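A.B. asks: The structure is given below, and queries will be raised subsequently.
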Amino acid sequence: MPTKAYAASSPTSSLAPFTLNRRDLLPTDVAIEILYCGVCHSDLHQARNEWSGTIYPCVPGHEIVGRVTKVGAQVKRFKPGDLAAVGCMVDSCGVCKSCKRGLEQYCEAFPTWTYNGQDKHLGGPTFGGYSDAIVVDEAFTLRISDKVNLAATAPLLCAGITTYSPLRHWKVGPGKKVGVVGLGGLGHMAVKFARAFGAHVVLFTTSPRKVEDGLRLGAHEVVVSSDANQMAKHQRSFDFIIDAVSADHDINAYLSLLGLDGTLTLVGAPEKPLPVAAFNLLLPRRSFAGSGIGGIAETQEMLDFCAEHEITSDVEVIAIQQINEAYERLLKGDVRYRFVIDMASLRDA
Ligand code: NAP
Ligand code: ZN
């Protein structure tokens with residue numbers, strides 16, 4: 001099916017209109033008209049080949065909400081007219097240890113990413129949500145409540161699950177002191193979740209202009225990381241820190257804030273390696289970890305948790321024609337706190 005989209009055709013080109021081909025529905029497939037798609041910093045890393053391996057033309061977008069238009073003969077959980085959502089993965093092997101545990105994102109045969117993956121059925125690369133419609137196996141399609149704000153729910157599909165999953169895994173809750181580094185799309189969801197889980201939340205930001213927002217979003221304290229006195233006050237005091245920074249930064253400054261047996265988990269994926277000083281880990285027995293998105297079952301759990309607790313993302317809705325400007329603003333940390341594309345702008349163009 002020819003489908004309207006926006007694509008990058010090289011690491012240095014702007015995103016521009018492009019027509020892609022969606023596969024015809026397989027018996028277990030769901031076709032979704034995309035209503036909103038969030039703009040993740042990963043989209044920018046990938047469009048500009050910052051992690052290498054980008055296949056061009058590249059249609060980014062993995063925070064997708066929309067309405068089901070058609071279902072395959074064997075689809076059980078969706079019917080035309082239902083709301084549906086798609087995150088970062090559209091397939092996995094289904095049989096390895098990770099998949100069996102519901103951790104498809106760690107599939108040993110590698111999950112099929114929503115974009116820049118390999119479509120097992122159609123062949124060729126997968127294309128993401130900066131498009132009119134998508135066809136996805138129902139096993140990788142999420143349900144969303146019809147009571148939620150759809151634009152503000154879209155970012156939960158990546159920024160939401162990527163922060164929810166490690167906060168749950170490392171058992172963040174009452175009595176725990178938790179740090180969040182970087183107030184962007186992921187960071188602002190981490191603040192909201194850590195607060196909702198009952199932890200004492202401290203936000204670290206490089207942007208003094210974000211202090212008030214940090215408090216409003218749920219942080220108990222906000223530290224401007226360039227302020228050495230404020231940083232010194234928190235030395236050796238954290239149980240857990242989640243680092244959601246998209247660019248090069250001093251990881252040792254945050255490792256030294258962990259207390260005994262504390263863990264710093266990286267969810268940000270900067271282009272360059274981050275050097276770690278050995279003694280920052282040895283004393284006092286600190287852990288430096290990482291975490292990638294979340295499995296399908298946990299993503300559904302997170303969406304249901306958000307619907308129940310009225311948690312959504314703070315969004316700035318844009319037209320697809322503003323995507324290149326939005327990328328430039330992302331690079332300046334100038335987003336409050338997620339751009340979301342209203343896909344009607346693509347259909348109306
Ligand atoms: P974003 O909205 O652009 O936010 C990144 C934030 O990092 C900025 O708002 C800024 O916060 C801080 N920052 C930016 N440049 C910095 C610098 N040079 N030094 C210190 N802080 C800086 O990005 P996002 O969409 O939240 O994504 C964040 C990262 O997570 C990206 O690398 C993305 O690829 C990655 N990611 C990983 C996963 C996963 O599965 N692990 C999933 C999605 C995204 P302040 O202004 O508050 O300092
Ligand atoms: Zn993402």
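To be explicit about the labels: the chains of the structure tokens are called A, B, and onward in the order shown, and within each one the residues are counted from 1, while ligands get numbers from 1 in the order they are shown.
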Once DSSP has gone over the backbone, tell me which residues of region 123-317 of chain A are in strand (DSSP E or B), as a PyMOL selection string.

C.D. replies: chain A and resi 125+131+133-137+142+177-181+200-205+221-224+238-243+258-266+287-290+315-317

A.B. asks: For the residues selected in the previous step, produce a file with C-alpha atoms as an mmCIF file, in the first residue's frame.

C.D. replies:
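This went into out08.cif:
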```
data_model
loop_
_atom_site.group_PDB
_atom_site.id
_atom_site.type_symbol
_atom_site.label_atom_id
_atom_site.label_comp_id
_atom_site.auth_asym_id
_atom_site.auth_seq_id
_atom_site.Cartn_x
_atom_site.Cartn_y
_atom_site.Cartn_z
ATOM 1 C CA PRO A 125 13.681 -1.756 5.882
ATOM 2 C CA SER A 131 3.592 8.506 8.091
ATOM 3 C CA ALA A 133 -0.533 4.560 8.327
ATOM 4 C CA ILE A 134 1.279 1.476 9.629
ATOM 5 C CA VAL A 135 0.707 -2.292 9.452
ATOM 6 C CA VAL A 136 1.779 -4.227 12.560
ATOM 7 C CA ASP A 137 1.312 -7.721 13.968
ATOM 8 C CA LEU A 142 -0.932 -1.894 22.293
ATOM 9 C CA LYS A 177 16.301 8.827 46.938
ATOM 10 C CA VAL A 178 16.216 8.972 43.131
ATOM 11 C CA GLY A 179 18.021 11.271 40.721
ATOM 12 C CA VAL A 180 16.926 12.084 37.172
ATOM 13 C CA VAL A 181 19.561 13.575 34.864
ATOM 14 C CA HIS A 200 12.199 11.357 46.870
ATOM 15 C CA VAL A 201 13.032 12.836 43.463
ATOM 16 C CA VAL A 202 15.936 15.136 42.614
ATOM 17 C CA LEU A 203 16.240 16.467 39.074
ATOM 18 C CA PHE A 204 19.620 17.452 37.615
ATOM 19 C CA THR A 205 19.475 19.868 34.713
ATOM 20 C CA GLU A 221 14.451 19.273 44.480
ATOM 21 C CA VAL A 222 16.087 20.593 41.315
ATOM 22 C CA VAL A 223 19.855 20.946 41.004
ATOM 23 C CA VAL A 224 21.492 22.983 38.258
ATOM 24 C CA PHE A 238 21.432 8.419 46.074
ATOM 25 C CA ASP A 239 19.949 4.917 45.862
ATOM 26 C CA PHE A 240 19.278 5.199 42.150
ATOM 27 C CA ILE A 241 19.966 7.642 39.312
ATOM 28 C CA ILE A 242 18.492 7.484 35.804
ATOM 29 C CA ASP A 243 20.529 9.334 33.174
ATOM 30 C CA LEU A 258 25.516 7.313 44.521
ATOM 31 C CA GLY A 259 25.594 5.901 48.040
ATOM 32 C CA LEU A 260 26.598 2.354 49.036
ATOM 33 C CA ASP A 261 25.182 -0.184 46.538
ATOM 34 C CA GLY A 262 23.609 2.612 44.512
ATOM 35 C CA THR A 263 22.952 2.179 40.792
ATOM 36 C CA LEU A 264 23.213 4.641 37.938
ATOM 37 C CA THR A 265 21.260 3.451 34.909
ATOM 38 C CA LEU A 266 21.876 4.934 31.517
ATOM 39 C CA SER A 287 26.733 -0.194 39.825
ATOM 40 C CA PHE A 288 26.684 1.404 36.391
ATOM 41 C CA ALA A 289 23.876 -0.093 34.296
ATOM 42 C CA GLY A 290 21.782 0.407 31.192
ATOM 43 C CA VAL A 315 3.660 18.036 24.734
ATOM 44 C CA GLU A 316 4.025 20.670 22.060
ATOM 45 C CA VAL A 317 1.936 19.560 19.066
#
```

A.B. asks: Neighbouring residues of ligand 1 are defined here as those with any atom at most 6 Å from a ligand atom, counting only C-alpha atoms and all ligand atoms; list them as an MDAnalysis selection string.

C.D. replies: chainID A and resid 40:42 158:159 162 182:187 205:207 244:249 267:270 291:293 330 333

A.B. asks: Store the residues of this selection in a file with C-alpha atoms, as a PDB file, in the first residue's frame.

C.D. replies:
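Everything below was put into result07.pdb:
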```
ATOM      1  CA  CYS A  40      12.144  11.054  20.164  1.00  0.00           C
ATOM      2  CA  HIS A  41      15.775  12.163  20.241  1.00  0.00           C
ATOM      3  CA  SER A  42      16.525   8.666  18.855  1.00  0.00           C
ATOM      4  CA  CYS A 158       8.980   5.286  24.046  1.00  0.00           C
ATOM      5  CA  ALA A 159       9.811   8.022  26.573  1.00  0.00           C
ATOM      6  CA  THR A 162      11.979   3.596  28.699  1.00  0.00           C
ATOM      7  CA  GLY A 182      18.330  15.712  31.950  1.00  0.00           C
ATOM      8  CA  LEU A 183      14.864  17.215  31.616  1.00  0.00           C
ATOM      9  CA  GLY A 184      13.873  16.273  28.086  1.00  0.00           C
ATOM     10  CA  GLY A 185      11.299  13.814  26.765  1.00  0.00           C
ATOM     11  CA  LEU A 186      12.591  10.834  28.757  1.00  0.00           C
ATOM     12  CA  GLY A 187      13.678  12.868  31.785  1.00  0.00           C
ATOM     13  CA  THR A 205      19.475  19.868  34.713  1.00  0.00           C
ATOM     14  CA  THR A 206      21.971  21.946  32.761  1.00  0.00           C
ATOM     15  CA  SER A 207      19.217  24.510  32.093  1.00  0.00           C
ATOM     16  CA  ALA A 244      18.504  10.465  30.139  1.00  0.00           C
ATOM     17  CA  VAL A 245      21.043  12.773  28.499  1.00  0.00           C
ATOM     18  CA  SER A 246      21.360  12.621  24.717  1.00  0.00           C
ATOM     19  CA  ALA A 247      24.868  14.102  24.405  1.00  0.00           C
ATOM     20  CA  ASP A 248      28.378  13.845  25.796  1.00  0.00           C
ATOM     21  CA  HIS A 249      28.553  14.651  29.553  1.00  0.00           C
ATOM     22  CA  VAL A 267      18.891   5.278  29.225  1.00  0.00           C
ATOM     23  CA  GLY A 268      20.345   8.110  27.160  1.00  0.00           C
ATOM     24  CA  ALA A 269      22.307   6.934  24.121  1.00  0.00           C
ATOM     25  CA  PRO A 270      24.951   9.563  23.272  1.00  0.00           C
ATOM     26  CA  SER A 291      18.217  -0.245  30.140  1.00  0.00           C
ATOM     27  CA  GLY A 292      16.439  -0.382  26.778  1.00  0.00           C
ATOM     28  CA  ILE A 293      12.733   0.500  26.349  1.00  0.00           C
ATOM     29  CA  LEU A 330      15.774  19.371  20.351  1.00  0.00           C
ATOM     30  CA  GLY A 333      17.254  21.330  24.766  1.00  0.00           C
TER      31      GLY A 333
END
```

A.B. asks: Please run DSSP on the backbone and report, as number ranges by chain, all residues within region 70-199 of chain A that come out as alpha helix (DSSP H).

C.D. replies: A: 97-100, 150-153, 159-169, 185-196

A.B. asks: Would you mind reading off the distance between CA of Val68 (chain A) and CA of Met189 (chain A), one decimal, in Å?

C.D. replies: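 According to the coordinates, CA of Val68 (chain A) and CA of Met189 (chain A) are separated by 26.8 Å.
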
A.B. asks: Could you state the separation of CA of Glu108 (chain A) and CA of Asp91 (chain A) in Å, given to one decimal place?

C.D. replies: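 Interatomic distance, CA of Glu108 (chain A) to CA of Asp91 (chain A): 12.4 Å.
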
A.B. asks: List the spatial neighbours of region 145-154 of chain A as number ranges by chain - criterion: any atom at most 12 Å away, only C-alpha atoms, same-chain residues fewer than 2 positions off excluded.

C.D. replies: A: 34-40, 61-67, 81-88, 129, 142-143, 156-161, 185, 189, 300, 302-318, 336-344

A.B. asks: Work out how far CA of Asn252 (chain A) is from CA of Gly198 (chain A), in Å to one decimal.

C.D. replies: 26.8 Å

A.B. asks: Can you tell me which residues surround His121 (chain A) at a distance of at most 9 Å, considering only C-alpha atoms, apart from same-chain residues fewer than 2 positions away, and format the answer as a ChimeraX atom specification?

C.D. replies: /A:23,26,118-119,123-124

A.B. asks: Applying 9 Å and only C-alpha atoms, which residues near Asn49 (chain A) remain after dropping the ones on its own chain fewer than 5 positions away? List them as a PyMOL selection string.

C.D. replies: chain A and resi 10-12+44+54-55

A.B. asks: Let's have the selection written as an mmCIF file, in the first residue's frame, with N, CA and C atoms.

C.D. replies:
```cif
data_model
loop_
_atom_site.group_PDB
_atom_site.id
_atom_site.type_symbol
_atom_site.label_atom_id
_atom_site.label_comp_id
_atom_site.auth_asym_id
_atom_site.auth_seq_id
_atom_site.Cartn_x
_atom_site.Cartn_y
_atom_site.Cartn_z
ATOM 1 N N SER A 10 19.544 11.344 3.579
ATOM 2 C CA SER A 10 20.978 11.208 3.871
ATOM 3 C C SER A 10 21.206 11.801 5.260
ATOM 4 N N PRO A 11 22.408 11.584 5.850
ATOM 5 C CA PRO A 11 22.645 12.112 7.207
ATOM 6 C C PRO A 11 22.536 13.629 7.299
ATOM 7 N N THR A 12 22.710 14.303 6.163
ATOM 8 C CA THR A 12 22.741 15.758 6.228
ATOM 9 C C THR A 12 21.506 16.411 5.613
ATOM 10 N N LEU A 44 16.232 11.597 15.787
ATOM 11 C CA LEU A 44 17.265 12.523 15.281
ATOM 12 C C LEU A 44 18.615 11.810 15.158
ATOM 13 N N THR A 54 22.364 3.652 9.620
ATOM 14 C CA THR A 54 21.051 4.098 9.140
ATOM 15 C C THR A 54 20.875 3.713 7.673
ATOM 16 N N ILE A 55 19.673 3.179 7.393
ATOM 17 C CA ILE A 55 19.331 2.823 6.009
ATOM 18 C C ILE A 55 18.489 3.978 5.451
#
```

A.B. asks: Nearest to Phe78 (chain A) among A:Ser165, A:Gln321, A:Thr28, A:Ser9, with distances taken over only C-alpha atoms: which residue is it?

C.D. replies: A:Thr28

A.B. asks: Nearest residue to ligand 2 out of A:Ala232, A:Ala196, A:Leu281, A:Met89, using only C-alpha atoms and all ligand atoms?

C.D. replies: A:Met89

A.B. asks: Hey, which of A:Glu325, A:Pro60, A:Thr126, A:Pro273 ends up closest to ligand 2? Count only C-alpha atoms and all ligand atoms.

C.D. replies: A:Pro60
